[in-house]
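Below you'll find the structure, written out as structure tokens, and then a few comments.
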Protein chains: 2
Amino acid sequence: MTLALDAAAQDLLFREARTANTFSDEPVSDEQVQAIYDLVKFGPTAFNQQPLRIVLVRSEEGRARLVQHMADGNKAKTSSAPLVAILAADNEFHEELPTQLPHFPQAKDMFFSERSVRESSATLNGALQAAYFIIGVRAAGLAAGPMTGYDAAGINKEFFADGEHSVLAVVNIGKPGEDAWFPRSPRLAYDEVVTTV
Amino acid sequence: MTLALDAAAQDLLFREARTANTFSDEPVSDEQVQAIYDLVKFGPTAFNQQPLRIVLVRSEEGRARLVQHMADGNKAKTSSAPLVAILAADNEFHEELPTQLPHFPQAKDMFFSERSVRESSATLNGALQAAYFIIGVRAAGLAAGPMTGYDAAGINKEFFADGEHSVLAVVNIGKPGEDAWFPRSPRLAYDEVVTTV
């Protein structure tokens, strides 16, 4: 038992948690999403940047606008999940640095004046935040079904008219339904991933 | 209490956990890193791809090779942390898909034959895995000090001679030392991040 985290929490977040492909009808409330966000917002990023933006798809019209851009294999589950969240990176996140990094407000102009640099940073750090969010969904006792099979340009245009956001993942959220899981696929062994110099 | 995860675990992983800037002398063992990896390897990625590679920097020579590429503000803490881990994405991860995604081995050629597609995917999914790893360090009762201030091309060339890896972050790991924390910077409020359609 080398870990400080208790075994039940290990199971909840990693060992027993699985990507769900079907969901029950039980709704997911805004209060649950707020509790998730208020936990995972503390996850670390570079320069305390917070590019992650979350669009909760709740209306029938919003669902239809999203599903049309999903890959065929993802349309049915995206249509039926209790809640669908679009996770995107705001490539203009640097505008918030003066308030979010109050001890070093110059970071905004020193490091992020170039759009290509901002976009790379928003992608990397937005992905870190997306991972924290997925862990948070599990922390709420819910199953997450993250997907990247979609027309990204279509989603960006459909939901982010300013042209400054890049979708990172679309996540189905809810209690797992019948036959929710595929068999767990293998993971690389420690020695295949970790080397020492 | 909307979350299923117990409050102590919430604190350990998110609420009380902080990015450390100084560390005690207590070493971090390979057994601890293996326990971390064997927990967080279960974090979800697209197509069960596992691009994350971890280089543990343990020798004096390895440390010197790394520190020369770090930004000035990161050199001292990278020199003195008990353990430093280079987290990188293997842009040739698709070679493993036939064994890691046994129910859909065609994914390797159907989706990842183009290098630019692989590289984007390795960055996004490697970043998800990097976030899981940071959470795992905290789950082990250790503090993580992730950094992105370095010469990325220099690190890639220094540690990954094959030209197929891209550094995602360098993470100092250990028990926090004196004055380990900066004051916590603000986080965006729920309403600044989450919208509903």
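Within each chain, counting starts at residue 1; across the structure tokens, chains are named A, B, ... in the order shown, with ligands numbered 1 upward in that order.
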Self-check item: Secondary structure check, helix (DSSP H, G or I) residues of region 84-154 of chain A, as a ChimeraX atom specification
Solution: /A:93-100,107-111,115-139,152-154
Take the selection from the previous step and output its residues with C-alpha atoms, as a PDB file, in the first residue's frame.
ATOM      1  CA  PHE A  93      -7.385  32.546 -22.295  1.00  0.00           C
ATOM      2  CA  HIS A  94      -4.464  34.941 -21.901  1.00  0.00           C
ATOM      3  CA  GLU A  95      -6.895  37.857 -21.481  1.00  0.00           C
ATOM      4  CA  GLU A  96      -7.659  36.463 -18.026  1.00  0.00           C
ATOM      5  CA  LEU A  97      -4.058  36.063 -16.875  1.00  0.00           C
ATOM      6  CA  PRO A  98      -3.807  39.489 -15.246  1.00  0.00           C
ATOM      7  CA  THR A  99      -6.594  38.500 -12.830  1.00  0.00           C
ATOM      8  CA  GLN A 100      -5.819  34.767 -12.606  1.00  0.00           C
ATOM      9  CA  ALA A 107       2.869  36.830 -18.419  1.00  0.00           C
ATOM     10  CA  LYS A 108      -0.008  37.737 -20.694  1.00  0.00           C
ATOM     11  CA  ASP A 109       2.184  39.832 -22.998  1.00  0.00           C
ATOM     12  CA  MET A 110       5.576  38.257 -22.298  1.00  0.00           C
ATOM     13  CA  PHE A 111       4.577  34.732 -23.267  1.00  0.00           C
ATOM     14  CA  ARG A 115      -1.635  33.241 -31.422  1.00  0.00           C
ATOM     15  CA  SER A 116       0.182  30.003 -32.312  1.00  0.00           C
ATOM     16  CA  VAL A 117       1.834  29.916 -28.881  1.00  0.00           C
ATOM     17  CA  ARG A 118      -1.494  30.580 -27.177  1.00  0.00           C
ATOM     18  CA  GLU A 119      -3.197  27.846 -29.161  1.00  0.00           C
ATOM     19  CA  SER A 120      -0.579  25.220 -28.284  1.00  0.00           C
ATOM     20  CA  SER A 121      -0.746  26.245 -24.648  1.00  0.00           C
ATOM     21  CA  ALA A 122      -4.554  26.227 -24.604  1.00  0.00           C
ATOM     22  CA  THR A 123      -4.598  22.750 -26.126  1.00  0.00           C
ATOM     23  CA  LEU A 124      -2.088  21.290 -23.663  1.00  0.00           C
ATOM     24  CA  ASN A 125      -3.472  22.952 -20.560  1.00  0.00           C
ATOM     25  CA  GLY A 126      -7.078  22.582 -21.670  1.00  0.00           C
ATOM     26  CA  ALA A 127      -6.402  18.848 -22.032  1.00  0.00           C
ATOM     27  CA  LEU A 128      -4.998  18.734 -18.496  1.00  0.00           C
ATOM     28  CA  GLN A 129      -8.193  20.428 -17.302  1.00  0.00           C
ATOM     29  CA  ALA A 130     -10.320  18.047 -19.377  1.00  0.00           C
ATOM     30  CA  ALA A 131      -8.635  15.117 -17.617  1.00  0.00           C
ATOM     31  CA  TYR A 132      -9.290  16.709 -14.220  1.00  0.00           C
ATOM     32  CA  PHE A 133     -12.938  17.138 -15.261  1.00  0.00           C
ATOM     33  CA  ILE A 134     -13.250  13.461 -16.242  1.00  0.00           C
ATOM     34  CA  ILE A 135     -11.793  12.501 -12.852  1.00  0.00           C
ATOM     35  CA  GLY A 136     -14.297  14.896 -11.268  1.00  0.00           C
ATOM     36  CA  VAL A 137     -17.230  13.237 -13.023  1.00  0.00           C
ATOM     37  CA  ARG A 138     -16.096   9.961 -11.508  1.00  0.00           C
ATOM     38  CA  ALA A 139     -15.625  11.655  -8.131  1.00  0.00           C
ATOM     39  CA  ALA A 152     -14.103  19.269 -34.832  1.00  0.00           C
ATOM     40  CA  ALA A 153     -14.335  22.175 -37.260  1.00  0.00           C
ATOM     41  CA  GLY A 154     -18.098  21.671 -37.406  1.00  0.00           C
TER      42      GLY A 154
END
Which residues are near region 22-31 of chain B? Cut-off 12 Å, only C-alpha atoms, ignore same chain within fewer than 2 positions. Put them as a PDB file with C-alpha atoms, in the first residue's frame.
ATOM      1  CA  MET A   1       0.000   0.000   0.000  1.00  0.00           C
ATOM      2  CA  THR A   2       2.344   2.692  -1.239  1.00  0.00           C
ATOM      3  CA  LEU A   3      -0.439   5.193  -1.961  1.00  0.00           C
ATOM      4  CA  TYR A 190       5.491   0.031 -16.282  1.00  0.00           C
ATOM      5  CA  ASP A 191       8.696  -1.043 -18.019  1.00  0.00           C
ATOM      6  CA  VAL A 194       9.105   4.353 -17.700  1.00  0.00           C
ATOM      7  CA  THR A 195      12.856   4.593 -18.228  1.00  0.00           C
ATOM      8  CA  THR A 196      15.549   5.997 -15.961  1.00  0.00           C
TER       9      THR A 196
ATOM     10  CA  ARG B  18      -0.586  22.507  -4.343  1.00  0.00           C
ATOM     11  CA  THR B  19       2.214  22.853  -6.866  1.00  0.00           C
ATOM     12  CA  ALA B  20       5.422  22.609  -4.804  1.00  0.00           C
ATOM     13  CA  VAL B  33       6.417   5.628  -9.070  1.00  0.00           C
ATOM     14  CA  GLN B  34       5.289   2.138 -10.037  1.00  0.00           C
ATOM     15  CA  ALA B  35       2.322   2.356  -7.639  1.00  0.00           C
ATOM     16  CA  ILE B  36       1.411   5.713  -9.172  1.00  0.00           C
ATOM     17  CA  TYR B  37       1.665   4.367 -12.705  1.00  0.00           C
ATOM     18  CA  ASP B  38      -0.257   1.194 -11.910  1.00  0.00           C
ATOM     19  CA  VAL B  55      11.836   9.441 -18.013  1.00  0.00           C
ATOM     20  CA  LEU B  56      12.907   9.390 -14.366  1.00  0.00           C
ATOM     21  CA  VAL B  57      15.987  11.546 -13.924  1.00  0.00           C
ATOM     22  CA  ARG B  58      18.029   9.924 -11.153  1.00  0.00           C
ATOM     23  CA  ASN B  74      13.105  26.491 -12.977  1.00  0.00           C
ATOM     24  CA  LYS B  75      16.792  25.485 -12.768  1.00  0.00           C
ATOM     25  CA  ALA B  76      17.222  25.592  -8.983  1.00  0.00           C
ATOM     26  CA  LYS B  77      14.156  23.561  -8.108  1.00  0.00           C
ATOM     27  CA  THR B  78      14.805  21.070 -10.899  1.00  0.00           C
ATOM     28  CA  SER B  79      18.346  20.666  -9.536  1.00  0.00           C
ATOM     29  CA  SER B  80      17.220  19.982  -5.974  1.00  0.00           C
ATOM     30  CA  ALA B  81      13.941  18.030  -6.193  1.00  0.00           C
ATOM     31  CA  PRO B  82      14.230  14.425  -4.912  1.00  0.00           C
ATOM     32  CA  LEU B  83      12.963  13.111  -8.234  1.00  0.00           C
ATOM     33  CA  VAL B  84      12.361  14.722 -11.608  1.00  0.00           C
ATOM     34  CA  ALA B  85      10.179  13.082 -14.256  1.00  0.00           C
ATOM     35  CA  VAL B 137       1.595  11.752  -7.550  1.00  0.00           C
ATOM     36  CA  ALA B 140       0.808   8.843  -3.331  1.00  0.00           C
ATOM     37  CA  GLY B 141       0.947  11.603  -0.719  1.00  0.00           C
ATOM     38  CA  LEU B 142       3.615  13.456  -2.652  1.00  0.00           C
ATOM     39  CA  ALA B 143       3.710  16.956  -4.078  1.00  0.00           C
ATOM     40  CA  ALA B 144       4.112  17.550  -7.802  1.00  0.00           C
ATOM     41  CA  GLY B 145       5.737  20.591  -9.328  1.00  0.00           C
ATOM     42  CA  ASN B 172       9.450  17.740  -9.796  1.00  0.00           C
ATOM     43  CA  ILE B 173       8.267  15.175  -7.249  1.00  0.00           C
ATOM     44  CA  GLY B 174       8.785  14.851  -3.506  1.00  0.00           C
ATOM     45  CA  LYS B 175       7.617  15.844  -0.072  1.00  0.00           C
ATOM     46  CA  PRO B 176       7.195  19.612   0.144  1.00  0.00           C
ATOM     47  CA  GLY B 177      10.011  21.567   1.780  1.00  0.00           C
ATOM     48  CA  GLU B 178      10.061  24.956   3.519  1.00  0.00           C
ATOM     49  CA  ASP B 179       8.006  27.716   1.926  1.00  0.00           C
ATOM     50  CA  ALA B 180       6.944  25.254  -0.766  1.00  0.00           C
ATOM     51  CA  TRP B 181       3.862  27.141  -1.881  1.00  0.00           C
ATOM     52  CA  PHE B 182       3.134  30.425  -3.553  1.00  0.00           C
TER      53      PHE B 182
END
Quiz item: Using only C-alpha atoms, which of A:Phe159, A:Phe104, A:Tyr150, A:Phe42 sits nearest chain B?
Solution: A:Phe42
Practice problem: Would you mind writing down, as a PyMOL selection string, each residue of chain B that DSSP on the backbone assigns to strand (DSSP E or B)? | Solution: chain B and resi 23+52-57+70+83-90+143-147+150+165-174+176+194-196
Write a file of the just-selected residues containing C-alpha atoms, as a CSV table (one decimal), in the first residue's frame.
chain,number,residue,atom,x,y,z
B,23,PHE,CA,11.1,19.9,-1.5
B,52,LEU,CA,2.7,8.9,-22.4
B,53,ARG,CA,6.4,8.1,-21.7
B,54,ILE,CA,8.1,8.9,-18.5
B,55,VAL,CA,11.8,9.4,-18.0
B,56,LEU,CA,12.9,9.4,-14.4
B,57,VAL,CA,16.0,11.5,-13.9
B,70,MET,CA,15.2,24.4,-18.2
B,83,LEU,CA,13.0,13.1,-8.2
B,84,VAL,CA,12.4,14.7,-11.6
B,85,ALA,CA,10.2,13.1,-14.3
B,86,ILE,CA,10.1,14.1,-17.9
B,87,LEU,CA,6.7,13.4,-19.3
B,88,ALA,CA,6.6,13.1,-23.1
B,89,ALA,CA,4.3,11.9,-25.9
B,90,ASP,CA,5.5,9.1,-28.2
B,143,ALA,CA,3.7,17.0,-4.1
B,144,ALA,CA,4.1,17.5,-7.8
B,145,GLY,CA,5.7,20.6,-9.3
B,146,PRO,CA,4.9,20.4,-13.0
B,147,MET,CA,6.7,22.9,-15.3
B,150,TYR,CA,12.1,24.9,-20.8
B,165,HIS,CA,8.9,12.1,-28.9
B,166,SER,CA,7.6,15.5,-27.7
B,167,VAL,CA,8.0,16.7,-24.1
B,168,LEU,CA,4.7,17.7,-22.5
B,169,ALA,CA,5.9,18.7,-19.0
B,170,VAL,CA,8.8,18.2,-16.5
B,171,VAL,CA,7.5,17.4,-13.0
B,172,ASN,CA,9.4,17.7,-9.8
B,173,ILE,CA,8.3,15.2,-7.2
B,174,GLY,CA,8.8,14.9,-3.5
B,176,PRO,CA,7.2,19.6,0.1
B,194,VAL,CA,-19.8,26.7,-18.0
B,195,THR,CA,-22.7,27.7,-20.4
B,196,THR,CA,-25.8,25.7,-21.3
Self-check item: Of the listed residues B:Pro102, B:Glu192, B:Gln68, B:Val197, that which approaches Pro51 (chain A) most closely, counting only C-alpha atoms
Solution: B:Glu192
Practice problem: Tell me, in Å to one decimal, how far CA of Pro44 (chain A) is from CA of Gly149 (chain B). | Solution: 14.4 Å
Quiz item: Could you pull the residues within 10 Å of Ala9 (chain A), counting only C-alpha atoms, minus those fewer than 6 positions along the same chain, as JSON, numbers by chain?
Solution: {"A": [15, 16, 138, 139], "B": [4, 5, 6, 8, 9, 10, 139]}
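As for CA of Gln50 (chain B) and CA of Leu188 (chain A), they are spaced 7.3 Å apart.
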